[in-house]
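Next comes input-v1.csv, a file with CSV, C-alpha atoms.
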```
chain,number,residue,atom,x,y,z
A,28,MET,CA,30.9,-86.7,63.2
A,29,ASN,CA,32.7,-89.2,61.0
A,30,GLU,CA,32.7,-87.1,57.8
A,31,ARG,CA,35.4,-87.4,55.1
A,32,ARG,CA,37.1,-84.6,53.3
A,33,LEU,CA,35.0,-84.5,50.2
A,34,PRO,CA,34.7,-82.1,47.2
A,35,PRO,CA,31.8,-79.6,47.3
A,36,VAL,CA,29.5,-81.8,45.3
A,37,THR,CA,26.2,-80.3,46.6
A,38,GLN,CA,27.2,-76.7,46.0
A,39,VAL,CA,28.5,-77.5,42.5
A,40,GLY,CA,25.4,-79.6,41.7
A,41,MET,CA,23.1,-76.8,42.8
A,42,LEU,CA,24.9,-74.3,40.6
A,43,SER,CA,24.7,-76.8,37.7
A,44,LEU,CA,20.9,-77.2,38.2
A,45,ALA,CA,20.5,-73.4,38.5
A,46,LEU,CA,22.2,-72.9,35.1
A,47,ILE,CA,19.8,-75.4,33.5
A,48,VAL,CA,16.8,-73.7,35.1
A,49,VAL,CA,17.9,-70.3,33.7
A,50,ALA,CA,18.4,-71.9,30.2
A,51,VAL,CA,14.9,-73.4,30.3
A,52,ILE,CA,13.3,-70.2,31.6
A,53,TYR,CA,15.1,-68.3,28.9
A,54,LEU,CA,13.7,-70.6,26.2
A,55,SER,CA,10.2,-70.8,27.7
A,56,ALA,CA,9.9,-67.0,28.2
A,57,HIS,CA,10.3,-66.3,24.5
A,58,LEU,CA,7.7,-68.6,23.1
A,59,PRO,CA,6.5,-68.7,20.3
A,60,GLN,CA,9.1,-66.2,18.9
A,61,HIS,CA,12.3,-67.4,17.4
A,62,VAL,CA,14.9,-67.2,20.1
A,63,PRO,CA,18.7,-67.2,19.7
A,64,LEU,CA,19.9,-70.5,21.1
A,65,GLY,CA,23.4,-69.2,22.0
A,66,PRO,CA,22.8,-68.2,25.6
A,67,ALA,CA,20.8,-71.5,26.3
A,68,VAL,CA,23.6,-73.6,24.7
A,69,GLY,CA,26.2,-71.7,26.7
A,70,LEU,CA,24.3,-72.3,30.0
A,71,LEU,CA,23.7,-76.0,29.2
A,72,ALA,CA,27.4,-76.4,28.3
A,73,ALA,CA,28.5,-74.8,31.6
A,74,SER,CA,26.0,-77.0,33.5
A,75,ALA,CA,27.3,-80.2,31.8
A,76,LEU,CA,30.9,-79.2,32.6
A,77,LEU,CA,30.0,-78.7,36.2
A,78,LEU,CA,28.4,-82.2,36.2
A,79,ALA,CA,31.5,-83.7,34.6
A,80,GLY,CA,33.7,-81.8,37.1
A,81,ASN,CA,31.6,-83.0,40.0
A,82,LEU,CA,31.9,-86.7,38.9
A,83,ALA,CA,35.6,-86.3,38.3
A,84,ALA,CA,36.2,-84.7,41.7
A,85,LEU,CA,34.1,-87.3,43.4
A,86,SER,CA,35.9,-90.2,41.6
A,87,ARG,CA,39.2,-89.0,43.2
A,88,ALA,CA,37.8,-88.7,46.7
A,89,GLU,CA,39.6,-91.1,49.0
A,90,GLY,CA,37.5,-93.5,51.1
A,91,PHE,CA,34.2,-92.6,49.6
A,92,ALA,CA,31.4,-95.1,50.1
A,93,TRP,CA,30.9,-96.0,46.5
A,94,ARG,CA,28.8,-99.1,47.3
A,95,ARG,CA,26.3,-97.1,49.2
A,96,PHE,CA,26.4,-94.4,46.5
A,97,PHE,CA,25.5,-96.8,43.7
A,98,GLU,CA,22.9,-98.6,45.8
A,99,VAL,CA,21.0,-95.3,46.1
A,100,ALA,CA,21.9,-93.9,42.7
A,101,ARG,CA,20.4,-96.7,40.6
A,102,TRP,CA,16.9,-96.2,42.2
A,103,ALA,CA,17.2,-92.4,42.1
A,104,LEU,CA,18.3,-92.6,38.5
A,105,LEU,CA,15.2,-94.7,37.7
A,106,ALA,CA,12.9,-92.2,39.4
A,107,TYR,CA,14.4,-89.1,37.8
A,108,ALA,CA,14.6,-90.8,34.4
A,109,LEU,CA,10.8,-91.3,34.7
A,110,ILE,CA,10.3,-87.7,35.7
A,111,ALA,CA,12.5,-86.4,32.9
A,112,GLY,CA,10.7,-88.7,30.5
A,113,MET,CA,7.4,-87.2,31.6
A,114,ILE,CA,8.6,-83.7,30.9
A,115,GLU,CA,10.1,-84.7,27.6
A,116,TYR,CA,6.7,-86.2,26.6
A,117,VAL,CA,5.1,-82.8,27.2
A,118,PHE,CA,7.7,-81.1,25.0
A,119,LEU,CA,7.0,-83.6,22.2
A,120,ARG,CA,3.3,-83.4,22.7
A,121,ASN,CA,3.5,-79.7,22.0
A,122,HIS,CA,5.6,-80.2,18.8
A,123,THR,CA,8.8,-78.7,20.2
A,124,SER,CA,11.4,-79.5,17.6
A,125,GLY,CA,14.8,-78.6,16.2
A,126,GLY,CA,17.4,-76.7,18.3
A,127,PRO,CA,15.1,-75.9,21.3
A,128,LEU,CA,14.1,-79.6,21.6
A,129,LEU,CA,17.8,-80.6,21.5
A,130,VAL,CA,18.7,-78.1,24.2
A,131,LEU,CA,15.7,-79.0,26.4
A,132,THR,CA,16.4,-82.8,26.0
A,133,LEU,CA,20.1,-82.4,26.9
A,134,SER,CA,19.1,-80.2,29.9
A,135,LEU,CA,16.8,-82.9,31.1
A,136,LEU,CA,19.6,-85.4,30.7
A,137,VAL,CA,21.9,-83.3,32.9
A,138,PHE,CA,19.0,-82.9,35.4
A,139,ALA,CA,18.2,-86.7,35.4
A,140,ILE,CA,21.9,-87.5,36.2
A,141,HIS,CA,22.8,-84.7,38.5
A,142,VAL,CA,19.9,-85.0,41.0
A,143,PRO,CA,20.5,-88.7,41.6
A,144,VAL,CA,24.2,-87.8,42.1
A,145,LEU,CA,23.3,-85.3,44.7
A,146,ILE,CA,20.9,-87.7,46.6
A,147,SER,CA,23.4,-90.5,46.5
A,148,PHE,CA,26.3,-88.3,47.5
A,149,THR,CA,24.4,-87.0,50.5
A,150,VAL,CA,23.6,-90.5,51.6
A,151,ALA,CA,27.0,-92.0,51.0
A,152,ARG,CA,29.0,-89.2,52.7
A,153,TYR,CA,27.6,-90.4,56.1
A,154,ASP,CA,28.2,-94.1,55.4
A,155,ASP,CA,30.3,-95.8,57.9
A,156,SER,CA,31.6,-98.6,55.6
A,157,ALA,CA,34.3,-96.3,54.3
A,158,PRO,CA,37.3,-95.2,56.5
A,159,PRO,CA,36.7,-92.0,58.4
A,160,GLY,CA,38.9,-89.0,57.9
A,161,GLN,CA,38.6,-85.3,58.6
A,162,GLU,CA,35.8,-82.8,58.5
A,163,ALA,CA,34.1,-82.7,55.1
A,164,SER,CA,33.9,-79.5,53.1
A,165,GLY,CA,31.2,-80.5,50.5
B,23,MET,CA,11.3,-66.9,59.7
B,24,ALA,CA,9.3,-68.7,62.4
B,25,ILE,CA,11.3,-71.8,62.3
B,26,ALA,CA,13.2,-73.1,65.3
B,27,PRO,CA,16.2,-75.4,64.6
B,28,PRO,CA,15.9,-78.8,66.3
B,29,ALA,CA,17.3,-79.0,69.8
B,30,ALA,CA,20.6,-80.6,70.1
B,31,MET,CA,20.5,-84.4,69.9
B,32,GLU,CA,23.5,-85.1,72.0
B,33,ALA,CA,23.9,-88.8,72.9
B,34,PRO,CA,26.1,-89.9,75.8
B,35,PRO,CA,29.1,-92.0,74.7
B,36,HIS,CA,27.4,-95.3,75.7
B,37,ALA,CA,23.8,-94.4,75.0
B,38,PRO,CA,21.4,-97.3,74.5
B,39,ALA,CA,20.4,-98.0,70.9
B,40,MET,CA,17.8,-95.6,69.5
B,41,GLU,CA,14.3,-97.1,69.4
B,42,ARG,CA,12.8,-96.9,65.9
B,43,PRO,CA,9.6,-98.3,64.4
B,44,GLU,CA,10.0,-100.5,61.3
B,45,PHE,CA,9.7,-98.5,58.1
B,46,GLN,CA,10.5,-98.5,54.4
B,47,ILE,CA,12.5,-95.6,52.9
B,48,VAL,CA,10.2,-95.7,49.8
B,49,PRO,CA,6.8,-97.0,51.0
B,50,ARG,CA,6.0,-99.8,48.4
B,51,VAL,CA,2.3,-99.6,49.1
B,52,GLY,CA,2.3,-96.0,47.6
B,53,LEU,CA,4.0,-97.0,44.3
B,54,PRO,CA,0.9,-98.3,42.6
B,55,ILE,CA,-0.9,-95.1,43.6
B,56,VAL,CA,1.8,-93.0,42.1
B,57,ALA,CA,1.7,-95.2,38.9
B,58,VAL,CA,-2.0,-94.6,38.6
B,59,VAL,CA,-1.7,-90.8,39.0
B,60,VAL,CA,1.1,-90.7,36.4
B,61,ALA,CA,-1.0,-92.8,34.0
B,62,LEU,CA,-3.9,-90.4,34.5
B,63,LEU,CA,-1.7,-87.4,34.0
B,64,ILE,CA,-0.4,-88.9,30.7
B,65,ALA,CA,-4.0,-89.5,29.6
B,66,ALA,CA,-4.9,-85.9,30.5
B,67,ILE,CA,-2.0,-84.5,28.5
B,68,ALA,CA,-2.7,-86.7,25.5
B,69,SER,CA,-6.4,-85.7,25.5
B,70,ASN,CA,-5.4,-82.0,25.8
B,71,LYS,CA,-8.9,-81.3,27.3
B,72,LEU,CA,-9.3,-78.3,29.6
B,73,TRP,CA,-11.0,-80.0,32.6
B,74,PRO,CA,-8.5,-82.8,33.2
B,75,LEU,CA,-5.5,-80.5,32.7
B,76,GLU,CA,-7.1,-77.9,35.0
B,77,PHE,CA,-7.8,-80.6,37.5
B,78,PHE,CA,-4.3,-81.9,37.7
B,79,HIS,CA,-2.7,-78.5,37.7
B,80,VAL,CA,-4.9,-77.0,40.4
B,81,VAL,CA,-5.1,-80.1,42.6
B,82,GLY,CA,-1.3,-80.9,42.2
B,83,GLY,CA,-0.4,-77.2,42.8
B,84,ALA,CA,-2.7,-76.8,45.8
B,85,GLY,CA,-1.2,-80.0,47.3
B,86,TRP,CA,2.4,-78.8,46.7
B,87,THR,CA,1.7,-75.3,48.1
B,88,VAL,CA,-0.1,-76.5,51.2
B,89,VAL,CA,2.4,-79.2,52.0
B,90,ASP,CA,5.3,-76.8,51.6
B,91,LEU,CA,3.7,-74.2,53.8
B,92,PHE,CA,2.5,-76.7,56.4
B,93,VAL,CA,5.8,-78.5,56.7
B,94,GLY,CA,7.8,-75.2,56.6
B,95,PHE,CA,5.8,-73.2,59.1
B,96,VAL,CA,3.8,-75.7,61.2
B,97,VAL,CA,5.4,-79.2,61.3
B,98,GLY,CA,9.0,-78.0,61.1
B,99,PRO,CA,9.0,-75.9,64.2
B,100,ILE,CA,7.0,-78.6,66.1
B,101,ILE,CA,9.6,-81.3,65.1
B,102,GLY,CA,12.3,-79.0,66.4
B,103,ARG,CA,10.7,-79.0,69.9
B,104,LEU,CA,9.9,-82.7,70.2
B,105,SER,CA,11.9,-85.0,72.4
B,106,ILE,CA,14.4,-87.2,70.5
B,107,PRO,CA,12.4,-90.5,70.7
B,108,ALA,CA,9.3,-88.6,69.5
B,109,ARG,CA,11.2,-86.9,66.8
B,110,VAL,CA,12.6,-90.2,65.5
B,111,GLU,CA,9.2,-91.9,65.6
B,112,PHE,CA,7.6,-89.0,63.8
B,113,THR,CA,10.4,-88.9,61.2
B,114,THR,CA,10.2,-92.6,60.4
B,115,ARG,CA,6.4,-92.3,59.8
B,116,PHE,CA,6.4,-88.9,58.0
B,117,MET,CA,9.5,-88.7,55.8
B,118,PRO,CA,8.9,-91.9,53.8
B,119,LYS,CA,5.5,-90.5,52.7
B,120,MET,CA,7.3,-87.2,51.6
B,121,VAL,CA,9.7,-89.3,49.4
B,122,LEU,CA,6.7,-90.3,47.2
B,123,LEU,CA,4.3,-87.4,47.7
B,124,MET,CA,6.5,-84.4,46.8
B,125,PRO,CA,8.0,-85.6,43.5
B,126,THR,CA,4.6,-86.8,42.3
B,127,LEU,CA,2.9,-83.5,43.2
B,128,VAL,CA,5.6,-81.5,41.6
B,129,THR,CA,5.7,-83.5,38.3
B,130,VAL,CA,1.9,-83.5,38.1
B,131,THR,CA,1.7,-79.7,38.7
B,132,LEU,CA,4.4,-78.8,36.2
B,133,ALA,CA,3.6,-81.2,33.4
B,134,ALA,CA,-0.2,-80.4,33.5
B,135,GLY,CA,0.6,-76.7,34.0
B,136,TRP,CA,2.8,-76.5,30.9
B,137,GLN,CA,0.2,-78.3,28.8
B,138,LEU,CA,-2.6,-76.1,30.1
B,139,SER,CA,-0.7,-72.9,29.4
B,140,THR,CA,0.1,-74.1,25.9
B,141,LYS,CA,-3.6,-74.9,25.3
B,142,LEU,CA,-4.7,-71.5,26.7
B,143,GLY,CA,-1.8,-69.6,25.1
B,144,THR,CA,-0.8,-68.1,28.4
B,145,ASN,CA,2.9,-69.1,27.9
B,146,GLN,CA,3.1,-67.0,24.7
B,147,THR,CA,4.8,-63.6,24.7
B,148,GLY,CA,1.6,-62.1,23.3
B,149,TYR,CA,-0.3,-62.9,26.6
B,150,SER,CA,-1.1,-59.7,28.5
B,151,LEU,CA,0.2,-61.1,31.8
B,152,HIS,CA,3.3,-62.7,30.3
B,153,GLY,CA,5.6,-61.1,32.8
B,154,TRP,CA,3.7,-62.7,35.7
B,155,VAL,CA,4.0,-66.1,33.9
B,156,VAL,CA,7.7,-65.7,33.6
B,157,ALA,CA,7.8,-64.7,37.3
B,158,SER,CA,6.1,-68.0,38.1
B,159,PHE,CA,8.8,-69.9,36.1
B,160,ILE,CA,11.5,-68.1,38.1
B,161,VAL,CA,9.8,-68.9,41.5
B,162,VAL,CA,9.4,-72.6,40.5
B,163,GLY,CA,13.0,-72.7,39.3
B,164,VAL,CA,14.3,-71.4,42.6
B,165,MET,CA,12.1,-73.9,44.5
B,166,ALA,CA,13.2,-76.7,42.2
B,167,VAL,CA,16.9,-76.0,42.8
B,168,ILE,CA,16.5,-75.8,46.6
B,169,ALA,CA,14.2,-78.9,46.7
B,170,LEU,CA,16.3,-81.1,44.4
B,171,GLY,CA,19.7,-80.0,45.7
B,172,LEU,CA,19.1,-79.9,49.4
B,173,LEU,CA,15.7,-81.0,50.6
B,174,GLU,CA,15.2,-84.3,48.7
B,175,PRO,CA,18.8,-85.5,49.4
B,176,ALA,CA,18.4,-84.7,53.1
B,177,ASN,CA,15.1,-86.5,53.2
B,178,ILE,CA,16.6,-89.7,51.7
B,179,ALA,CA,19.8,-89.4,53.8
B,180,VAL,CA,18.0,-89.1,57.1
B,181,LEU,CA,15.9,-92.2,56.4
B,182,THR,CA,19.0,-94.1,55.3
B,183,GLU,CA,20.7,-93.1,58.6
B,184,LEU,CA,17.7,-94.2,60.6
B,185,LYS,CA,17.8,-97.6,58.9
B,186,LYS,CA,21.3,-98.3,60.2
B,187,PRO,CA,21.8,-100.6,63.2
B,188,GLU,CA,23.3,-97.7,65.1
B,189,PRO,CA,22.2,-94.4,63.6
B,190,LYS,CA,24.2,-91.3,64.6
B,191,PRO,CA,22.1,-88.7,66.4
B,192,GLU,CA,24.4,-85.9,65.2
B,193,VAL,CA,23.9,-86.9,61.6
B,194,ILE,CA,20.1,-87.1,61.9
B,195,GLU,CA,20.2,-83.7,63.7
B,196,LYS,CA,22.2,-82.1,60.9
B,197,LEU,CA,20.1,-83.5,58.1
B,198,MET,CA,16.8,-82.7,59.8
B,199,LYS,CA,17.9,-79.1,60.4
B,200,ARG,CA,18.7,-78.9,56.7
B,201,PHE,CA,15.3,-80.4,55.8
B,202,ILE,CA,13.4,-78.0,58.1
B,203,TYR,CA,15.2,-74.9,56.9
B,204,THR,CA,14.9,-75.7,53.2
B,205,ALA,CA,11.2,-76.6,53.7
B,206,GLY,CA,10.8,-73.2,55.3
B,207,ALA,CA,12.5,-71.5,52.4
B,208,THR,CA,10.3,-73.2,49.8
B,209,GLY,CA,7.3,-72.4,52.0
B,210,LEU,CA,8.3,-68.7,51.7
B,211,MET,CA,8.6,-69.1,47.9
B,212,GLN,CA,5.1,-70.7,47.8
B,213,ILE,CA,3.7,-67.4,49.1
B,214,ALA,CA,5.0,-65.8,45.9
B,215,THR,CA,3.4,-68.6,43.9
B,216,LEU,CA,0.0,-67.9,45.6
B,217,VAL,CA,0.3,-64.2,44.7
B,218,ILE,CA,1.3,-64.9,41.1
B,219,MET,CA,-1.3,-67.7,40.5
B,220,THR,CA,-4.2,-65.7,42.0
B,221,LYS,CA,-3.2,-62.7,39.8
B,222,LEU,CA,-3.1,-64.9,36.7
B,223,ALA,CA,-6.6,-66.3,37.6
B,224,ALA,CA,-8.0,-62.8,38.2
B,225,GLY,CA,-6.6,-61.5,34.9
```

Exercise: express the given structure as structure tokens:
Amino acid sequence: MNERRLPPVTQVGMLSLALIVVAVIYLSAHLPQHVPLGPAVGLLAASALLLAGNLAALSRAEGFAWRRFFEVARWALLAYALIAGMIEYVFLRNHTSGGPLLVLTLSLLVFAIHVPVLISFTVARYDDSAPPGQEASG
Amino acid sequence: MAIAPPAAMEAPPHAPAMERPEFQIVPRVGLPIVAVVVALLIAAIASNKLWPLEFFHVVGGAGWTVVDLFVGFVVGPIIGRLSIPARVEFTTRFMPKMVLLMPTLVTVTLAAGWQLSTKLGTNQTGYSLHGWVVASFIVVGVMAVIALGLLEPANIAVLTELKKPEPKPEVIEKLMKRFIYTAGATGLMQIATLVIMTKLAAG
């Protein structure tokens, strides 16, 4: 199989999504009590760092099919922006505000970027337009 | 788990081109239907009335659960035992529908469900079965990570591969295996959802 040596984008992406899920569950599980935001902020920051690391590692990958990646990413981004917008609407409809709203909104932002990255990466890694190399690890 | 991996799709070096029916990765005919469903969901949330919220949460959740169980435990093992041409034909007709169906069902279920639980107060710590509600968050969270990180990308990637002039059987094989195993895993998680939701309904 013509796979290139690529960074472990899928694994890192799933870890990033898992951290966001834990942060959101942590916030949701304490309603309507006041909840310290520290753990949720820490989880969100770690998740955002993983997203940044994933993009940085991918940008250095040699021979990656960027054209195919962006071809898929723009539509996936549109779809997941709509889904994230829907969830954000529910938060606003229920008068979520202040720190929890900020953490939830930023979590949705990471979600709406990272999922399209995972979809586009999975498609682009099997694209033939880029030069083939060795067995991929990601 | 009663899921058999697909049989090897080994193609000889000079195999004839794979026969594929014409298909769209995202079926355009389904987009207006999705738009109508989302518009109705927004109206249901804005109205904050019990019946529309209950309708969307129950219908969306039932659809999500049934599709996951059916794909994971019935369709998945069948696909694994089909001949390669039959598998390709089935995939090109089945997977595009999943691209639209699953994200719509999941969004409807979760958005209506959160609004419903806010209206009924079942997402508050004072609710007697709060532990069960948090358990449902955890189950949904695990399913979301599996579906978003593995299943959905595999779904799109296998369709993209099948759109190519010369799709690689080994790539399709690998991605379909991933799709079927992850569908099985989310199917198992859906059994936990059924246990939790029936307990919440029973009180």

Query raised in the report: Near Met124 (chain B), within 8 Å and counting only C-alpha atoms, which residues show up once chain neighbours fewer than 4 positions away are dropped, as a PyMOL selection string?
Result: chain B and resi 86+120+128

Check: which chain B residues lie within 9 Å of chain A using only C-alpha atoms, as an mmCIF file with C-alpha atoms, in the coordinates of the input:
```cif
data_model
loop_
_atom_site.group_PDB
_atom_site.id
_atom_site.type_symbol
_atom_site.label_atom_id
_atom_site.label_comp_id
_atom_site.auth_asym_id
_atom_site.auth_seq_id
_atom_site.Cartn_x
_atom_site.Cartn_y
_atom_site.Cartn_z
ATOM 1 C CA VAL B 60 1.100 -90.700 36.400
ATOM 2 C CA ILE B 64 -0.400 -88.900 30.700
ATOM 3 C CA ILE B 67 -2.000 -84.500 28.500
ATOM 4 C CA ALA B 68 -2.700 -86.700 25.500
ATOM 5 C CA PRO B 125 8.000 -85.600 43.500
ATOM 6 C CA THR B 126 4.600 -86.800 42.300
ATOM 7 C CA THR B 129 5.700 -83.500 38.300
ATOM 8 C CA LEU B 132 4.400 -78.800 36.200
ATOM 9 C CA ALA B 133 3.600 -81.200 33.400
ATOM 10 C CA ALA B 134 -0.200 -80.400 33.500
ATOM 11 C CA TRP B 136 2.800 -76.500 30.900
ATOM 12 C CA GLN B 137 0.200 -78.300 28.800
ATOM 13 C CA THR B 140 0.100 -74.100 25.900
ATOM 14 C CA ASN B 145 2.900 -69.100 27.900
ATOM 15 C CA GLN B 146 3.100 -67.000 24.700
ATOM 16 C CA THR B 147 4.800 -63.600 24.700
ATOM 17 C CA GLY B 148 1.600 -62.100 23.300
ATOM 18 C CA HIS B 152 3.300 -62.700 30.300
ATOM 19 C CA GLY B 153 5.600 -61.100 32.800
ATOM 20 C CA VAL B 155 4.000 -66.100 33.900
ATOM 21 C CA VAL B 156 7.700 -65.700 33.600
ATOM 22 C CA PHE B 159 8.800 -69.900 36.100
ATOM 23 C CA ILE B 160 11.500 -68.100 38.100
ATOM 24 C CA GLY B 163 13.000 -72.700 39.300
ATOM 25 C CA VAL B 164 14.300 -71.400 42.600
ATOM 26 C CA ALA B 166 13.200 -76.700 42.200
ATOM 27 C CA VAL B 167 16.900 -76.000 42.800
ATOM 28 C CA ILE B 168 16.500 -75.800 46.600
ATOM 29 C CA LEU B 170 16.300 -81.100 44.400
ATOM 30 C CA GLY B 171 19.700 -80.000 45.700
ATOM 31 C CA LEU B 172 19.100 -79.900 49.400
ATOM 32 C CA GLU B 174 15.200 -84.300 48.700
ATOM 33 C CA PRO B 175 18.800 -85.500 49.400
ATOM 34 C CA ALA B 176 18.400 -84.700 53.100
ATOM 35 C CA ASN B 177 15.100 -86.500 53.200
ATOM 36 C CA ILE B 178 16.600 -89.700 51.700
ATOM 37 C CA ALA B 179 19.800 -89.400 53.800
ATOM 38 C CA VAL B 180 18.000 -89.100 57.100
ATOM 39 C CA THR B 182 19.000 -94.100 55.300
ATOM 40 C CA GLU B 183 20.700 -93.100 58.600
ATOM 41 C CA LYS B 190 24.200 -91.300 64.600
ATOM 42 C CA GLU B 192 24.400 -85.900 65.200
ATOM 43 C CA VAL B 193 23.900 -86.900 61.600
#
```

Query raised in the report: What is the distance between CA of Ala79 (chain A) and CA of Pro127 (chain A), in Å to one decimal?
Result: 22.5 Å

Report summary line: Across B:Ala223, B:Leu142, B:Leu173, B:Val130, the smallest distance to His79 (chain B), with only C-alpha atoms counted, is shown by B:Val130

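Of the residues under consideration (A:Ala88, A:Leu131, A:Leu119, A:Ala108), A:Leu131 shows the shortest atom-to-atom contact distance to Ala67 (chain A) when counting only C-alpha atoms.
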
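Taking CA of Val89 (chain B) and CA of Phe201 (chain B) as the two end points, the separation is 13.5 Å.
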
Requested in this report: Tell me which of B:Thr114, B:Gly143, B:Leu123, B:Ile213 sits closest to Glu44 (chain B), counting all atoms listed in the file.
Outcome: B:Thr114

Query raised in the report: Could you pull the residues within 12 Å of Tyr203 (chain B), counting all atoms listed in the file, minus those fewer than 2 positions along the same chain, as a count of residues only?
Result: 33

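Here CA of Glu76 (chain B) is placed at a distance of 23.5 Å from CA of Phe92 (chain B).
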
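Using all atoms listed in the file, the shortest contact distance between Glu41 (chain B) and any of B:Ser139, B:Ala157, B:Val58, B:Pro107 is found at B:Pro107.
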
Quick one: residues within 12 Å of Gly80 (chain A), all atoms listed in the file, excluding same-chain residues fewer than 3 positions away - as a short mmCIF file (atom, residue, chain, number, x, y, z; two decimals) with C-alpha atoms, keeping the file's coordinate frame?
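Now in selection20.cif:
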```cif
data_model
loop_
_atom_site.label_atom_id
_atom_site.label_comp_id
_atom_site.auth_asym_id
_atom_site.auth_seq_id
_atom_site.Cartn_x
_atom_site.Cartn_y
_atom_site.Cartn_z
CA PRO A 34 34.70 -82.10 47.20
CA PRO A 35 31.80 -79.60 47.30
CA VAL A 36 29.50 -81.80 45.30
CA VAL A 39 28.50 -77.50 42.50
CA GLY A 40 25.40 -79.60 41.70
CA SER A 43 24.70 -76.80 37.70
CA ALA A 73 28.50 -74.80 31.60
CA SER A 74 26.00 -77.00 33.50
CA ALA A 75 27.30 -80.20 31.80
CA LEU A 76 30.90 -79.20 32.60
CA LEU A 77 30.00 -78.70 36.20
CA ALA A 83 35.60 -86.30 38.30
CA ALA A 84 36.20 -84.70 41.70
CA LEU A 85 34.10 -87.30 43.40
CA SER A 86 35.90 -90.20 41.60
CA ARG A 87 39.20 -89.00 43.20
CA HIS A 141 22.80 -84.70 38.50
#
```

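With all atoms listed in the file as the basis for measurement, A:Val130 is the residue among A:Arg32, A:Val130, A:Leu135, A:Trp93 that approaches Pro63 (chain A) most closely.
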
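Between Val68 (chain A) and the candidates A:Leu82, A:Ala92, A:Leu128, A:Ala50, the tightest atom-to-atom separation, counting all atoms listed in the file, involves A:Ala50.
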